[in-house]
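J.: Have a look at the structure that comes next, please.
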Amino acid sequence: MRAALAAEHAAVYGYGVVGARAGKARAAQAREGYAAHRARRDALARTARDLGDEPVAAAPAYDLPFPVPDGAAAVRLAAYLEDRVAGVYSDLVRAADGPLRQEAAASLREAAVRSVRWRGSGVAFPGLAERAGGR
């Protein structure tokens, strides 16, 4: 769960960059992704507290995987963020049970759908890089 929360912190940060560079045609999509990741982040923090754990804090900044000088790079970054989050949620699905597992599966599905919307195509096994050809 800590890894999922950390990934959500990074996704929220990354979507700030996406929103700044994606352009008007993708602005609504960037806002939707940003809002979705903020909501998941907040829900995970609440769950951590409910389980008696201290939620991991966001870093002051995150390294981006590549430069994002324009809209095309912003679209690639958004797809990358969604793929990364899907991978973390895939791990949580395998590790959790009960309601936390159900939430992780829903989060994985939502990240996979957002990734397809950004990229324009999907992968056979979202969240499982070893089965999706390393994407």
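Simple scheme: letters A, B, ... for chains in structure tokens order, numbers from 1 for residues in each chain, numbers from 1 for ligands in the order shown.
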Which residues, written as JSON, numbers by chain, have at least one atom at most 7 Å from Pro55 (chain A), with only C-alpha atoms counted and residues fewer than 5 positions away on the same chain left out?

T.: {"A": [45, 48, 49]}

J.: Emit the selected residues as a compact mmCIF listing (two decimals), in the first residue's frame, including N, CA, C and O atoms.

T.:
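New file out-v2.txt:
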```txt
# COMPACT_ATOMS: atom_id res chain seq x y z
N ALA A 45 -4.22 7.35 1.63
CA ALA A 45 -3.73 7.93 2.89
C ALA A 45 -4.72 7.65 4.02
O ALA A 45 -4.31 7.30 5.13
N ALA A 48 -4.41 3.99 4.97
CA ALA A 48 -3.21 3.77 5.78
C ALA A 48 -3.45 4.18 7.23
O ALA A 48 -3.13 3.42 8.16
N ARG A 49 -4.06 5.34 7.42
CA ARG A 49 -4.36 5.80 8.79
C ARG A 49 -5.33 4.85 9.48
O ARG A 49 -5.16 4.52 10.65
```

J.: Can you check which residues of chain A DSSP gives as helix (DSSP H, G or I) on the backbone and send them as a PyMOL selection string?

T.: chain A and resi 2-21+24-50+71-95+98-119

J.: May I ask for the distance between CA of Val56 (chain A) and CA of Ala43 (chain A), given in Å to one decimal place?

T.: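 Atom-to-atom, CA of Val56 (chain A) and CA of Ala43 (chain A) are spaced 12.8 Å apart.
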
J.: Identify, on the basis of only C-alpha atoms, every residue whose closest approach to region 22-32 of chain A does not exceed 6 Å; exclude the query and any residue fewer than 2 positions from it along the same chain; express the result as an MDAnalysis selection string.

T.: chainID A and resid 18:19 34:35 71 74

J.: I need the residues from that last selection saved to file as an mmCIF file, in the first residue's frame (with N, CA, C and O atoms), if you can.

T.:
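New file again13.cif:
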```cif
data_model
loop_
_atom_site.group_PDB
_atom_site.id
_atom_site.type_symbol
_atom_site.label_atom_id
_atom_site.label_comp_id
_atom_site.auth_asym_id
_atom_site.auth_seq_id
_atom_site.Cartn_x
_atom_site.Cartn_y
_atom_site.Cartn_z
ATOM 1 N N VAL A 18 2.054 17.405 -17.034
ATOM 2 C CA VAL A 18 1.212 17.061 -18.190
ATOM 3 C C VAL A 18 0.229 18.193 -18.475
ATOM 4 O O VAL A 18 0.097 18.643 -19.618
ATOM 5 N N GLY A 19 -0.441 18.662 -17.440
ATOM 6 C CA GLY A 19 -1.426 19.725 -17.623
ATOM 7 C C GLY A 19 -0.823 21.001 -18.167
ATOM 8 O O GLY A 19 -1.453 21.707 -18.956
ATOM 9 N N TYR A 34 -5.477 14.150 -13.282
ATOM 10 C CA TYR A 34 -4.976 14.785 -12.056
ATOM 11 C C TYR A 34 -5.960 14.583 -10.905
ATOM 12 O O TYR A 34 -5.572 14.171 -9.807
ATOM 13 N N ALA A 35 -7.227 14.834 -11.155
ATOM 14 C CA ALA A 35 -8.251 14.682 -10.120
ATOM 15 C C ALA A 35 -8.374 13.226 -9.675
ATOM 16 O O ALA A 35 -8.519 12.941 -8.480
ATOM 17 N N GLY A 71 3.619 19.206 -26.138
ATOM 18 C CA GLY A 71 2.420 18.399 -25.961
ATOM 19 C C GLY A 71 2.625 16.921 -26.242
ATOM 20 O O GLY A 71 2.066 16.065 -25.546
ATOM 21 N N ALA A 74 4.224 15.440 -23.315
ATOM 22 C CA ALA A 74 3.273 15.404 -22.205
ATOM 23 C C ALA A 74 2.342 14.201 -22.324
ATOM 24 O O ALA A 74 2.034 13.547 -21.323
#
```

J.: Name all residues at most 12 Å from Leu81 (chain A) (count only C-alpha atoms; drop same-chain ones fewer than 2 positions away) and give them as a ChimeraX atom specification.

T.: /A:7-18,30,33-34,37,64-66,74-79,83-88,111-112,114-116,118-119,127,135

J.: Hey, can you spit out that residue selection with N, CA, C and O atoms as a compact mmCIF listing (two decimals), in the first residue's frame?

T.:
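Full text of part_0.txt as output:
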```txt
# COMPACT_ATOMS: atom_id res chain seq x y z
N ALA A 7 3.39 6.02 -5.49
CA ALA A 7 3.15 6.15 -6.93
C ALA A 7 2.08 7.20 -7.22
O ALA A 7 2.18 7.96 -8.20
N GLU A 8 1.06 7.27 -6.37
CA GLU A 8 0.02 8.29 -6.56
C GLU A 8 0.58 9.70 -6.32
O GLU A 8 0.24 10.63 -7.04
N HIS A 9 1.44 9.85 -5.32
CA HIS A 9 2.09 11.15 -5.11
C HIS A 9 2.85 11.56 -6.37
O HIS A 9 2.74 12.71 -6.83
N ALA A 10 3.61 10.63 -6.93
CA ALA A 10 4.39 10.92 -8.14
C ALA A 10 3.48 11.22 -9.33
O ALA A 10 3.78 12.11 -10.13
N ALA A 11 2.36 10.50 -9.43
CA ALA A 11 1.43 10.74 -10.54
C ALA A 11 0.79 12.12 -10.44
O ALA A 11 0.64 12.82 -11.44
N VAL A 12 0.44 12.52 -9.24
CA VAL A 12 -0.13 13.87 -9.05
C VAL A 12 0.89 14.92 -9.49
O VAL A 12 0.55 15.86 -10.22
N TYR A 13 2.12 14.75 -9.08
CA TYR A 13 3.18 15.68 -9.49
C TYR A 13 3.32 15.67 -11.02
O TYR A 13 3.36 16.71 -11.67
N GLY A 14 3.40 14.46 -11.59
CA GLY A 14 3.58 14.34 -13.03
C GLY A 14 2.43 14.94 -13.83
O GLY A 14 2.65 15.55 -14.88
N TYR A 15 1.23 14.79 -13.32
CA TYR A 15 0.09 15.38 -14.02
C TYR A 15 0.12 16.89 -13.98
O TYR A 15 -0.47 17.54 -14.86
N GLY A 16 0.78 17.48 -13.01
CA GLY A 16 0.99 18.92 -13.03
C GLY A 16 1.79 19.34 -14.25
O GLY A 16 1.48 20.33 -14.92
N VAL A 17 2.79 18.54 -14.58
CA VAL A 17 3.60 18.79 -15.78
C VAL A 17 2.78 18.51 -17.03
O VAL A 17 2.79 19.30 -17.99
N VAL A 18 2.05 17.40 -17.03
CA VAL A 18 1.21 17.06 -18.19
C VAL A 18 0.23 18.19 -18.47
O VAL A 18 0.10 18.64 -19.62
N ALA A 30 -6.23 15.90 -19.03
CA ALA A 30 -5.19 16.09 -18.02
C ALA A 30 -5.81 16.42 -16.66
O ALA A 30 -5.40 15.88 -15.63
N GLY A 33 -7.31 13.20 -15.17
CA GLY A 33 -6.27 12.33 -14.63
C GLY A 33 -5.71 12.86 -13.32
O GLY A 33 -5.52 12.10 -12.36
N TYR A 34 -5.48 14.15 -13.28
CA TYR A 34 -4.98 14.78 -12.06
C TYR A 34 -5.96 14.58 -10.91
O TYR A 34 -5.57 14.17 -9.81
N HIS A 37 -6.06 10.90 -9.70
CA HIS A 37 -4.91 10.50 -8.89
C HIS A 37 -4.91 11.19 -7.52
O HIS A 37 -4.51 10.58 -6.52
N LEU A 64 11.51 13.43 -13.63
CA LEU A 64 10.70 12.93 -14.74
C LEU A 64 11.53 11.94 -15.54
O LEU A 64 12.75 12.06 -15.60
N PRO A 65 10.90 10.95 -16.17
CA PRO A 65 11.65 9.93 -16.90
C PRO A 65 12.30 10.44 -18.18
O PRO A 65 13.20 9.79 -18.72
N PHE A 66 11.84 11.59 -18.67
CA PHE A 66 12.39 12.19 -19.88
C PHE A 66 11.94 13.66 -19.91
O PHE A 66 10.99 14.02 -19.21
N ALA A 74 4.22 15.44 -23.31
CA ALA A 74 3.27 15.40 -22.20
C ALA A 74 2.34 14.20 -22.32
O ALA A 74 2.03 13.55 -21.32
N VAL A 75 1.91 13.89 -23.53
CA VAL A 75 1.06 12.72 -23.75
C VAL A 75 1.83 11.45 -23.42
O VAL A 75 1.31 10.55 -22.75
N ARG A 76 3.10 11.37 -23.84
CA ARG A 76 3.92 10.20 -23.49
C ARG A 76 4.09 10.09 -21.98
O ARG A 76 4.06 9.00 -21.42
N LEU A 77 4.29 11.24 -21.31
CA LEU A 77 4.45 11.22 -19.85
C LEU A 77 3.18 10.72 -19.18
O LEU A 77 3.25 9.90 -18.25
N ALA A 78 2.04 11.18 -19.63
CA ALA A 78 0.78 10.73 -19.03
C ALA A 78 0.61 9.22 -19.17
O ALA A 78 0.25 8.54 -18.21
N ALA A 79 0.88 8.69 -20.35
CA ALA A 79 0.79 7.24 -20.55
C ALA A 79 1.80 6.51 -19.67
O ALA A 79 1.47 5.48 -19.06
N ASP A 83 0.92 3.77 -16.77
CA ASP A 83 1.51 2.43 -16.80
C ASP A 83 2.23 2.12 -15.48
O ASP A 83 2.13 1.01 -14.95
N ARG A 84 2.93 3.10 -14.96
CA ARG A 84 3.65 2.92 -13.70
C ARG A 84 2.69 2.67 -12.54
O ARG A 84 2.88 1.77 -11.73
N VAL A 85 1.65 3.48 -12.48
CA VAL A 85 0.64 3.30 -11.43
C VAL A 85 -0.04 1.94 -11.57
O VAL A 85 -0.27 1.24 -10.58
N ALA A 86 -0.35 1.54 -12.80
CA ALA A 86 -0.98 0.24 -13.02
C ALA A 86 -0.09 -0.88 -12.50
O ALA A 86 -0.58 -1.84 -11.88
N GLY A 87 1.20 -0.78 -12.72
CA GLY A 87 2.13 -1.80 -12.23
C GLY A 87 2.13 -1.90 -10.72
O GLY A 87 2.14 -3.01 -10.16
N VAL A 88 2.10 -0.77 -10.06
CA VAL A 88 2.08 -0.77 -8.59
C VAL A 88 0.77 -1.36 -8.08
O VAL A 88 0.76 -2.14 -7.12
N ALA A 111 -6.40 3.03 -14.27
CA ALA A 111 -5.11 3.47 -14.82
C ALA A 111 -4.92 2.90 -16.22
O ALA A 111 -4.44 3.61 -17.12
N ALA A 112 -5.30 1.65 -16.43
CA ALA A 112 -5.17 1.03 -17.75
C ALA A 112 -6.04 1.76 -18.78
O ALA A 112 -5.61 2.00 -19.91
N ARG A 114 -7.06 4.94 -18.62
CA ARG A 114 -6.46 6.25 -18.89
C ARG A 114 -5.24 6.11 -19.79
O ARG A 114 -5.02 6.93 -20.69
N SER A 115 -4.44 5.07 -19.58
CA SER A 115 -3.27 4.85 -20.43
C SER A 115 -3.67 4.67 -21.89
O SER A 115 -3.06 5.25 -22.78
N VAL A 116 -4.70 3.88 -22.12
CA VAL A 116 -5.19 3.67 -23.49
C VAL A 116 -5.66 4.98 -24.09
O VAL A 116 -5.39 5.28 -25.26
N TRP A 118 -4.62 7.97 -23.42
CA TRP A 118 -3.47 8.81 -23.75
C TRP A 118 -2.70 8.24 -24.93
O TRP A 118 -2.31 8.97 -25.84
N ARG A 119 -2.45 6.95 -24.91
CA ARG A 119 -1.58 6.33 -25.90
C ARG A 119 -2.31 6.02 -27.20
O ARG A 119 -1.70 6.01 -28.27
N GLY A 127 -0.34 -3.46 -16.22
CA GLY A 127 0.22 -3.61 -14.89
C GLY A 127 1.19 -4.76 -14.77
O GLY A 127 1.87 -4.89 -13.76
N ARG A 135 6.53 -2.98 -21.59
CA ARG A 135 6.06 -1.59 -21.65
C ARG A 135 5.94 -0.98 -20.31
O ARG A 135 5.54 -1.40 -19.35
```

J.: In Å to one decimal, how far is CA of Ala20 (chain A) from CA of Asp42 (chain A)?

T.: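 If I compute the distance from CA of Asp42 (chain A) to CA of Ala20 (chain A), I get 22.5 Å.
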
J.: Closest to Val93 (chain A) among A:Ala73, A:Tyr80, A:Ala58, A:Ser107, using only C-alpha atoms?

T.: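 Closest to Val93 (chain A), using only C-alpha atoms: A:Ser107.
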
J.: Pick out the closest residue to Ala6 (chain A) from this set: A:Leu51, A:Ala57, A:Ala36, A:Val68. Count only C-alpha atoms.

T.: A:Ala57

J.: Considering only C-alpha atoms, state which residue in the set A:Ala4, A:Ser121, A:Thr47, A:Asp70 is at the smallest distance from Leu108 (chain A).

T.: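 Smallest distance to Leu108 (chain A) is found for A:Ala4.
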